[in-house]
There are 2 protein chains.
Amino acid sequence: MKKADNFVKNAAGRLVPTIVNGKKVIPFQGVNKYRPTHKGAAPRVPTCINYPKDCNKVVDSLKEALIKAGLKDGMTISTHHHYRNGDYVANWIFDIAAELGVKDLIWAPSAAFPCHAPIIKHLESGVVHHIEGSLNGPLGDFCSHGKMKGLGYLRSHGGRYRAVADGELHIDIAVLAASAADMMGNANGVLGKHPFGPVSFSRVDSKNADRTIVVTDTLIDFPCYPWEIMGNDVDFVVVVDKIGDPQKIVSGTTRITKSPDRLLIAEYAAKFIEAAGILRDGMNFQAGAGGISLAFTDFVNKIMIEKGIKARSMIGGSTKYLVDMMNNGRTDYIFDGQTFGLEAISSLRDNPKHIPIDVFDSYDFHAKSNLVQMMDVIVLGSTEIDVNFNANCVTHSDGRMLHGIGGFQNCMMAKCTMIAVPSFRDRIPVIKDEVTTLVAPGEMVDVIVTERGIAINHRRKDLIAATKNSGLPIRDIIDIKKEVDDICGIPAKPKLSDEAVAVVEWVDGTILDTIRKVEE
Amino acid sequence: MKKADNFVKNAAGRLVPTIVNGKKVIPFQGVNKYRPTHKGAAPRVPTCINYPKDCNKVVDSLKEALIKAGLKDGMTISTHHHYRNGDYVANWIFDIAAELGVKDLIWAPSAAFPCHAPIIKHLESGVVHHIEGSLNGPLGDFCSHGKMKGLGYLRSHGGRYRAVADGELHIDIAVLAASAADMMGNANGVLGKHPFGPVSFSRVDSKNADRTIVVTDTLIDFPCYPWEIMGNDVDFVVVVDKIGDPQKIVSGTTRITKSPDRLLIAEYAAKFIEAAGILRDGMNFQAGAGGISLAFTDFVNKIMIEKGIKARSMIGGSTKYLVDMMNNGRTDYIFDGQTFGLEAISSLRDNPKHIPIDVFDSYDFHAKSNLVQMMDVIVLGSTEIDVNFNANCVTHSDGRMLHGIGGFQNCMMAKCTMIAVPSFRDRIPVIKDEVTTLVAPGEMVDVIVTERGIAINHRRKDLIAATKNSGLPIRDIIDIKKEVDDICGIPAKPKLSDEAVAVVEWVDGTILDTIRKVEE
């Protein structure tokens, strides 16, 4: 089986396969063009008869649970990434699979992290065939070099939800880490010894997988409430000594930047939304957890205090900064899809206005609307942007896939999507003629903010008019690019082969771009 | 089309149709015998493209919403019963349908109440073909007399959820009353001018219906949180002057009984669970909202205070009695599927330990276990019981279907299910040789409590042994029956024709019994 076949040029002008890992896929047809005509996933109907009458589903080990769940060659196994770089569970699963001699598994994590590098040996040995999920670090690099047997399949957070709910990504066994669970399988991420926050990414897995295994290190008396994972959806409960390391949830990218250039970018972004009339009483906004996004939130906070403005809601990636803002009366609600840091976890657990959300709620494009559309502004980072406002957040300019795709594409649906980036990094320009990998089509990006100026997409005449006399350095993207190129020079194009190593799906399930093998 | 056809004798010895309203159905095969082999409902996949970009789904009227939703002949329309006898919405729908000349609709409410008597004219005129849902009062009487064009279809609360989730009951348009909603369709029953409690019965409708209409009298700013109904699942929002009358949620059956006999029954039930060792620290129990059940809860409360016992959770039908118990430290949690009275609604809104539950969570039998299985004890009322412990809660001894089926069958899965009933009512014995309608097979009923004594099912040798020396009046059910018959005489059998007017489904979707036409 070829990894990728039948290439065609899609509506974004990108050459993409129509066969991926043996399955037919649909090329990108343009933003808001593809309308599904099919029905969604129809999970097998279970019955209480097949489960213990006393609801005690605890088994002795993850190995026993996987065997009882019928683990076999070719199955798709899912996990979540709420422990981020502190996750233990995924590595255990594939070590057990190797021990049992199982082959050709598909791993469908909500995201993979550097801590999952031990899975490379299982990709090499054939235990794991390929990964469908956000990749970064060592696994991304491995994939970039064409070493994965199957094609990588990058879906946004909302896209992954969509794929499972639409029946395109069928999960055979979901293995879900929970910081607390009861014997029935009711589980969450806020109680127990090693809490990590909401289990936002996994409800769809537990509802649609044939088998669901909850792994916890804190078994508590029924009822384990909140029950983000419902015992009604769970087959087995496994108790281990330590489920993951919450200390590794927070990384360098989840602290406010100290770089003067990046602080300037954040300040520009905040002043821009003030000038554009977006920063107003009752606004809803999404606060990213990256360094610049956090600094942006901090500047917004200062303006809100100064002007006595209160937001209606903030969606996180929640951090102590957001929690402080809520505690100081700057927002009615925090909606939390992923928690960074212990302050945010205890707020989520104890403050009824700090609310866990499901990825469906926020991001699913195959819904009758979603929360992200209600966000007045979202600020994102990016690896590359280009003069047509196209954006890339997964590959570096050398072509290597080193960053997760996350919710990047989903955030494009907000009322104002801003990309806040330094104009160059390590003397490599961030603004290109054309992005190496297309992750978000330019028409979806409203504003690009750099330390050298702010570029507004020509489609957003409203924003151009509103900020005309703001005194902010509003510039043409091509001018900013030219200035940067004069400093850095135009770098050589990355050396990429024709061989596809991964595809990038758009939020509607169509194929937006192909990631190609990096030549050594 | 015959309403019912191809009758066979099922595993309970009851003659039931295998064709109901033109569809094939499965006869009851015995408790815990029928295992589904099919896949569940697969709703049509929607897309955000088809919904307003600003998420404003408000339309001018329910009529406009129904027209836009494509209302046409033969469709199935669902509503919920959280306003109970104060519901306005269902009557509006069928008045509009009549005005539009639409025929042969199927109404699938979670329950119907006497306030829905105006729908009788639409059943007579052919606007509504039949009702699939819990019936009582005038509609039940109408059906009992064979006047409904189609066959009535009685499903328990959990059975209705199951039927929708399993894809057996497809809802074309769900029309869901909400006491508050935002323009996107996020909605709940705890905010706004006329709150009614959780929207437990309707999430499954909103997730599976082709079209979902939210009707509210209180439109609030996004986000309307809690969003028990998610805007992501909603097509249209309708704002009306008054959505329903919360005063009519509470009826005579939701106050503690004052009858000395019934108080004695409740006291026996409480003393029984004390003697049997069920009433202990950390127990979970379901507290019904009927008069005897409430009195039982009150006696349990007194014993708990006396002995310093604290429950882990109570599932309601929540009432002020339950709320007082929680506020006085008698339970960690209230799980609330239906709220009776304003005190309970404000507790649900303001106390994070008073938690709304979905019918899936509590009652769905086609799940991998459910909450009701974790309940140590449940006390229920009944219209009739028989010497084999079979129970009936829908028909009177004259054969008329005057009571809702509610969650009666689902509660049979608890660890100890008790039926607490007076031994006769209006000089008609409640204990029969055989129940008029079989709603719960005798093997599922553990204990029957009357004012004349307590009968324990012979299968429950553990309970018999535990209460042997309790001093409680533990008696054979046949002895109690004989005593009652000596007082009341044995009443004549109801005059029933051979014609079927409704069927009773068991929790697994098989047909348990047939309800027959009452002869004038």
# chains A, B, ... in the order shown; residues from 1 in each chain; ligands from 1

$ closest_atom_pairs --of "chain B" --to "chain A" --cutoff "9 Å" --atoms "only C-alpha atoms" --output "tab-separated table"
residue	atom	partner	partner_atom	distance
B:Asn32	CA	A:Ile49	CA	5.8
B:Lys33	CA	A:Ile49	CA	8.0
B:Tyr34	CA	A:Ile49	CA	8.7
B:Arg35	CA	A:Thr47	CA	6.6
B:Pro36	CA	A:Val45	CA	6.4
B:Thr37	CA	A:Val45	CA	7.0
B:His38	CA	A:Val45	CA	6.2
B:Lys39	CA	A:Arg44	CA	4.3
B:Gly40	CA	A:Ala42	CA	5.0
B:Ala41	CA	A:Ala42	CA	5.6
B:Ala42	CA	A:Ala42	CA	4.8
B:Pro43	CA	A:Lys39	CA	5.6
B:Arg44	CA	A:Lys39	CA	4.3
B:Val45	CA	A:Lys39	CA	5.3
B:Pro46	CA	A:His366	CA	5.2
B:Thr47	CA	A:His366	CA	4.1
B:Cys48	CA	A:Ser369	CA	4.8
B:Ile49	CA	A:Asn32	CA	5.8
B:Asn50	CA	A:Lys368	CA	7.5
B:Tyr51	CA	A:Lys368	CA	6.1
B:Pro52	CA	A:Ser369	CA	7.8
B:Lys53	CA	A:Gln373	CA	7.1
B:Asp54	CA	A:Gln373	CA	6.9
B:Cys55	CA	A:Ser369	CA	6.3
B:Ala165	CA	A:Val45	CA	8.7
B:Asp166	CA	A:Val45	CA	6.7
B:Met184	CA	A:Ser369	CA	7.6
B:Asp221	CA	A:Arg312	CA	8.6
B:Phe222	CA	A:Arg312	CA	7.9
B:Pro223	CA	A:Ser313	CA	7.6
B:Met230	CA	A:Asp361	CA	7.3
B:Gly231	CA	A:Ser369	CA	6.9
B:Asn232	CA	A:Lys368	CA	4.7
B:Asp233	CA	A:Lys368	CA	5.5
B:Val234	CA	A:Lys368	CA	6.2
B:Asp235	CA	A:Lys368	CA	6.6
B:Gly282	CA	A:Asp221	CA	8.6
B:Asn284	CA	A:Phe222	CA	8.8
B:Arg312	CA	A:Pro223	CA	7.7
B:Ser313	CA	A:Pro223	CA	7.6
B:Tyr333	CA	A:Pro223	CA	8.8
B:Asp350	CA	A:Pro352	CA	8.9
B:Pro352	CA	A:Pro352	CA	6.8
B:Phe360	CA	A:Asn232	CA	8.0
B:Asp361	CA	A:Asn232	CA	6.6
B:Ser362	CA	A:Asn232	CA	8.8
B:Asp364	CA	A:Asn232	CA	8.5
B:Phe365	CA	A:Cys48	CA	5.6
B:His366	CA	A:Thr47	CA	4.1
B:Ala367	CA	A:Thr47	CA	5.2
B:Lys368	CA	A:Asn232	CA	4.7
B:Ser369	CA	A:Cys48	CA	4.8
B:Asn370	CA	A:Asn232	CA	5.2
B:Leu371	CA	A:Asn232	CA	7.8
B:Gln373	CA	A:Asp54	CA	6.9
B:Met374	CA	A:Asp54	CA	6.9
B:Met413	CA	A:Lys53	CA	8.9
B:Lys415	CA	A:Asp54	CA	8.4
B:Asp508	CA	A:Thr47	CA	8.2

$ write_last_selection --atoms "C-alpha atoms" --output "tab-separated table (two decimals), in the first residue's frame"
chain	number	residue	atom	x	y	z
B	32	ASN	CA	-31.34	-9.62	30.71
B	33	LYS	CA	-31.85	-11.79	27.64
B	34	TYR	CA	-32.01	-9.46	24.63
B	35	ARG	CA	-28.59	-8.29	23.42
B	36	PRO	CA	-28.56	-5.68	20.65
B	37	THR	CA	-26.35	-6.41	17.64
B	38	HIS	CA	-26.97	-3.20	15.71
B	39	LYS	CA	-25.34	0.19	15.59
B	40	GLY	CA	-26.92	3.28	17.12
B	41	ALA	CA	-28.41	6.44	15.65
B	42	ALA	CA	-26.27	8.25	13.09
B	43	PRO	CA	-27.56	11.83	12.89
B	44	ARG	CA	-27.08	13.80	9.68
B	45	VAL	CA	-23.77	15.66	9.76
B	46	PRO	CA	-24.43	19.42	9.86
B	47	THR	CA	-21.97	22.17	8.93
B	48	CYS	CA	-21.41	25.66	10.32
B	49	ILE	CA	-21.63	26.92	6.71
B	50	ASN	CA	-25.41	26.47	6.81
B	51	TYR	CA	-25.87	28.60	9.93
B	52	PRO	CA	-25.57	32.37	10.44
B	53	LYS	CA	-21.95	33.44	10.79
B	54	ASP	CA	-22.85	35.62	13.78
B	55	CYS	CA	-24.69	32.64	15.30
B	165	ALA	CA	-29.89	6.93	20.84
B	166	ASP	CA	-30.32	3.49	19.29
B	184	MET	CA	-26.96	30.89	19.43
B	221	ASP	CA	-26.50	37.60	26.33
B	222	PHE	CA	-24.17	34.90	25.08
B	223	PRO	CA	-23.12	32.74	26.81
B	230	MET	CA	-25.80	23.42	23.30
B	231	GLY	CA	-26.16	26.10	20.66
B	232	ASN	CA	-24.04	23.82	18.45
B	233	ASP	CA	-27.05	21.51	18.23
B	234	VAL	CA	-29.72	24.16	17.69
B	235	ASP	CA	-31.28	25.36	14.42
B	282	GLY	CA	-21.84	6.37	52.12
B	284	ASN	CA	-26.55	6.13	47.43
B	312	ARG	CA	-22.79	9.83	49.35
B	313	SER	CA	-25.46	10.78	46.87
B	333	TYR	CA	-24.40	15.27	46.31
B	350	ASP	CA	-26.47	27.90	43.03
B	352	PRO	CA	-22.28	23.11	42.86
B	360	PHE	CA	-28.41	8.71	29.78
B	361	ASP	CA	-26.36	9.05	32.94
B	362	SER	CA	-29.03	7.59	35.13
B	364	ASP	CA	-30.09	4.13	29.70
B	365	PHE	CA	-29.96	0.33	29.65
B	366	HIS	CA	-28.06	0.28	26.38
B	367	ALA	CA	-24.96	1.68	28.01
B	368	LYS	CA	-21.91	0.15	29.67
B	369	SER	CA	-23.70	0.42	33.09
B	370	ASN	CA	-25.70	3.29	34.50
B	371	LEU	CA	-26.15	5.28	37.69
B	373	GLN	CA	-27.40	0.33	39.23
B	374	MET	CA	-25.33	2.09	41.88
B	413	MET	CA	-32.03	-1.95	38.25
B	415	LYS	CA	-29.68	-2.87	44.34
B	508	ASP	CA	-34.16	-3.09	26.38

$ residues_around --residues "Ala69 of chain A" --least-positions-apart "3" --cutoff "10 Å" --atoms "only C-alpha atoms" --output "list of chain:residue names"
A:Lys63, A:Glu64, A:Ala65, A:Leu66, A:Lys72, A:Asp172, A:Ile173, A:Ala174, A:Asp210, A:Arg211, A:Thr212, A:Ile213, A:Asp235, A:Phe236

$ write_last_selection --atoms "C-alpha atoms" --output "PDB file, in the first residue's frame"
ATOM      1  CA  LYS A  63      -2.163  -5.126  29.899  1.00  0.00           C
ATOM      2  CA  GLU A  64      -5.166  -7.077  31.141  1.00  0.00           C
ATOM      3  CA  ALA A  65      -7.507  -4.269  30.061  1.00  0.00           C
ATOM      4  CA  LEU A  66      -5.993  -4.148  26.573  1.00  0.00           C
ATOM      5  CA  LYS A  72      -5.210  -6.825  17.783  1.00  0.00           C
ATOM      6  CA  ASP A 172     -11.183   0.712  18.435  1.00  0.00           C
ATOM      7  CA  ILE A 173      -9.814   1.319  21.913  1.00  0.00           C
ATOM      8  CA  ALA A 174      -9.633   4.648  23.755  1.00  0.00           C
ATOM      9  CA  ASP A 210     -15.715   0.373  20.732  1.00  0.00           C
ATOM     10  CA  ARG A 211     -13.862   0.022  24.031  1.00  0.00           C
ATOM     11  CA  THR A 212     -12.890   2.661  26.555  1.00  0.00           C
ATOM     12  CA  ILE A 213     -10.274   2.105  29.238  1.00  0.00           C
ATOM     13  CA  ASP A 235     -15.397  -0.768  29.758  1.00  0.00           C
ATOM     14  CA  PHE A 236     -12.437  -1.099  32.130  1.00  0.00           C
TER      15      PHE A 236
END

$ closest_residue --among "A:Ala90, A:Val518, A:Val421, A:Val484" --to "Arg262 of chain A" --atoms "only C-alpha atoms"
A:Val421

$ atom_distance --atom1 "atom CA of Pro195 of chain A" --atom2 "atom CA of Glu228 of chain A"
13.3 Å

$ select_by_dssp --residues "segment 176-278 of chain B" --states "helix (DSSP H, G or I)" --output "compact mmCIF listing (two decimals) with N, CA and C atoms, in the first residue's frame"
# COMPACT_ATOMS: atom_id res chain seq x y z
N ARG B 203 -31.40 16.48 26.03
CA ARG B 203 -30.12 16.55 25.35
C ARG B 203 -30.08 15.52 24.22
N VAL B 204 -30.62 14.36 24.48
CA VAL B 204 -30.61 13.30 23.45
C VAL B 204 -31.43 13.74 22.23
N ASP B 205 -32.50 14.48 22.46
CA ASP B 205 -33.29 14.99 21.34
C ASP B 205 -32.46 15.99 20.54
N SER B 206 -31.82 16.92 21.25
CA SER B 206 -31.09 17.98 20.55
C SER B 206 -29.91 17.41 19.78
N LYS B 207 -29.36 16.31 20.25
CA LYS B 207 -28.20 15.70 19.58
C LYS B 207 -28.62 14.85 18.38
N ASN B 208 -29.83 14.35 18.38
CA ASN B 208 -30.21 13.38 17.35
C ASN B 208 -31.30 13.84 16.39
N GLY B 231 -25.88 25.38 21.90
CA GLY B 231 -26.16 26.10 20.66
C GLY B 231 -25.67 25.36 19.42
N ASN B 232 -24.60 24.60 19.58
CA ASN B 232 -24.04 23.82 18.45
C ASN B 232 -25.04 22.83 17.87
N ASP B 233 -26.06 22.50 18.66
CA ASP B 233 -27.05 21.51 18.23
C ASP B 233 -28.38 22.16 17.82
N PRO B 246 -44.35 27.42 35.91
CA PRO B 246 -43.62 26.59 36.88
C PRO B 246 -44.46 26.25 38.11
N GLN B 247 -45.49 27.04 38.39
CA GLN B 247 -46.32 26.74 39.56
C GLN B 247 -46.97 25.37 39.42
N LYS B 248 -47.15 24.96 38.17
CA LYS B 248 -47.85 23.69 37.94
C LYS B 248 -46.92 22.49 37.85
N GLY B 252 -50.23 17.53 43.62
CA GLY B 252 -50.57 16.90 44.90
C GLY B 252 -49.69 15.71 45.20
N THR B 253 -49.17 15.07 44.18
CA THR B 253 -48.36 13.86 44.41
C THR B 253 -46.93 14.20 44.82
N THR B 254 -46.57 15.48 44.84
CA THR B 254 -45.19 15.80 45.20
C THR B 254 -45.10 16.50 46.56
N PRO B 260 -52.41 8.65 57.63
CA PRO B 260 -51.74 7.82 58.66
C PRO B 260 -51.28 6.48 58.10
N ASP B 261 -52.12 5.84 57.26
CA ASP B 261 -51.73 4.56 56.66
C ASP B 261 -50.47 4.70 55.80
N ARG B 262 -50.46 5.74 55.01
CA ARG B 262 -49.31 5.91 54.10
C ARG B 262 -48.06 6.31 54.86
N LEU B 263 -48.24 7.08 55.92
CA LEU B 263 -47.08 7.39 56.76
C LEU B 263 -46.53 6.11 57.38
N LEU B 264 -47.43 5.21 57.75
CA LEU B 264 -46.98 3.93 58.32
C LEU B 264 -46.18 3.13 57.29
N ILE B 265 -46.67 3.13 56.04
CA ILE B 265 -45.96 2.43 54.95
C ILE B 265 -44.54 3.00 54.81
N ALA B 266 -44.45 4.32 54.79
CA ALA B 266 -43.16 4.98 54.64
C ALA B 266 -42.23 4.64 55.81
N GLU B 267 -42.81 4.59 57.00
CA GLU B 267 -42.01 4.28 58.18
C GLU B 267 -41.50 2.83 58.12
N TYR B 268 -42.39 1.92 57.70
CA TYR B 268 -41.96 0.52 57.52
C TYR B 268 -40.80 0.43 56.53
N ALA B 269 -40.93 1.16 55.42
CA ALA B 269 -39.90 1.10 54.38
C ALA B 269 -38.55 1.60 54.93
N ALA B 270 -38.61 2.70 55.69
CA ALA B 270 -37.38 3.26 56.26
C ALA B 270 -36.78 2.28 57.28
N LYS B 271 -37.64 1.72 58.12
CA LYS B 271 -37.15 0.77 59.13
C LYS B 271 -36.60 -0.50 58.48
N PHE B 272 -37.21 -0.85 57.37
CA PHE B 272 -36.74 -2.04 56.65
C PHE B 272 -35.30 -1.85 56.17
N ILE B 273 -35.03 -0.72 55.54
CA ILE B 273 -33.66 -0.56 55.02
C ILE B 273 -32.66 -0.37 56.15
N GLU B 274 -33.17 0.14 57.29
CA GLU B 274 -32.28 0.22 58.46
C GLU B 274 -31.95 -1.20 58.94
N ALA B 275 -32.98 -2.02 59.06
CA ALA B 275 -32.78 -3.40 59.54
C ALA B 275 -31.93 -4.21 58.56

$ select_by_dssp --residues "segment 172-371 of chain A" --states "strand (DSSP E or B)" --output "VMD selection string"
chain A and resid 173 to 178 180 to 181 187 to 188 211 to 216 219 229 236 to 239 244 284 to 286 311 to 318 331 to 339 354 to 356

$ residues_around --residues "Val16 of chain A" --least-positions-apart "4" --cutoff "10 Å" --atoms "only C-alpha atoms" --output "PyMOL selection string"
chain A and resi 4-10+20+25-28+500+503-504+511-515

$ residues_around --residues "Phe408 of chain A" --least-positions-apart "2" --cutoff "8 Å" --atoms "only C-alpha atoms" --output "PDB file with N, CA and C atoms, in the first residue's frame"
ATOM      1  N   SER A 156      -6.707  19.443  13.157  1.00  0.00           N
ATOM      2  CA  SER A 156      -6.870  20.403  14.252  1.00  0.00           C
ATOM      3  C   SER A 156      -7.625  19.719  15.392  1.00  0.00           C
ATOM      4  N   LEU A 380      -2.988  34.386  17.909  1.00  0.00           N
ATOM      5  CA  LEU A 380      -2.280  33.128  17.703  1.00  0.00           C
ATOM      6  C   LEU A 380      -0.817  33.354  17.345  1.00  0.00           C
ATOM      7  N   CYS A 393       1.644  26.661  10.935  1.00  0.00           N
ATOM      8  CA  CYS A 393       2.031  26.545  12.345  1.00  0.00           C
ATOM      9  C   CYS A 393       2.653  25.191  12.642  1.00  0.00           C
ATOM     10  N   ILE A 405      -0.351  21.076  15.575  1.00  0.00           N
ATOM     11  CA  ILE A 405      -1.335  21.872  14.837  1.00  0.00           C
ATOM     12  C   ILE A 405      -2.383  22.460  15.783  1.00  0.00           C
ATOM     13  N   GLY A 406      -2.652  21.753  16.865  1.00  0.00           N
ATOM     14  CA  GLY A 406      -3.530  22.272  17.917  1.00  0.00           C
ATOM     15  C   GLY A 406      -4.854  22.805  17.406  1.00  0.00           C
ATOM     16  N   ASN A 410      -9.056  26.033  13.911  1.00  0.00           N
ATOM     17  CA  ASN A 410     -10.383  26.281  14.464  1.00  0.00           C
ATOM     18  C   ASN A 410     -10.550  27.740  14.864  1.00  0.00           C
ATOM     19  N   CYS A 411      -9.442  28.318  15.363  1.00  0.00           N
ATOM     20  CA  CYS A 411      -9.492  29.705  15.836  1.00  0.00           C
ATOM     21  C   CYS A 411      -9.718  30.690  14.694  1.00  0.00           C
ATOM     22  N   MET A 412      -9.517  30.240  13.473  1.00  0.00           N
ATOM     23  CA  MET A 412      -9.721  31.092  12.294  1.00  0.00           C
ATOM     24  C   MET A 412     -11.178  31.542  12.156  1.00  0.00           C
ATOM     25  N   ALA A 440      -3.570  27.462   7.367  1.00  0.00           N
ATOM     26  CA  ALA A 440      -4.781  28.308   7.352  1.00  0.00           C
ATOM     27  C   ALA A 440      -4.749  29.189   6.112  1.00  0.00           C
TER      28      ALA A 440
END

$ closest_residue --among "B:Ile256, B:Thr319, B:Phe113, B:Ile19" --to "Phe299 of chain B" --atoms "only C-alpha atoms"
B:Ile256

$ closest_residue --among "A:Asp324, A:Glu451, A:Glu168, A:Glu443" --to "Glu483 of chain A" --atoms "only C-alpha atoms"
A:Glu451

$ residues_around --residues "Lys3 of chain A" --least-positions-apart "5" --cutoff "9 Å" --atoms "only C-alpha atoms" --output "mmCIF file with C-alpha atoms, in the first residue's frame"
data_model
loop_
_atom_site.group_PDB
_atom_site.id
_atom_site.type_symbol
_atom_site.label_atom_id
_atom_site.label_comp_id
_atom_site.auth_asym_id
_atom_site.auth_seq_id
_atom_site.Cartn_x
_atom_site.Cartn_y
_atom_site.Cartn_z
ATOM 1 C CA ILE A 19 -5.759 8.341 -1.325
ATOM 2 C CA VAL A 20 -4.224 8.492 2.158
ATOM 3 C CA ASN A 21 -3.176 5.296 3.939
ATOM 4 C CA GLY A 22 -5.406 3.375 1.557
ATOM 5 C CA LYS A 149 5.330 3.521 7.500
ATOM 6 C CA GLY A 150 2.035 5.306 6.965
ATOM 7 C CA LEU A 151 1.294 8.910 6.243
ATOM 8 C CA ALA A 500 4.624 12.917 0.954
ATOM 9 C CA VAL A 501 5.090 12.229 4.667
ATOM 10 C CA ALA A 502 1.921 13.777 6.051
#

$ closest_residue --among "A:Val89, A:Leu100, A:Cys115, A:Leu62" --to "Lys242 of chain A" --atoms "only C-alpha atoms"
A:Val89
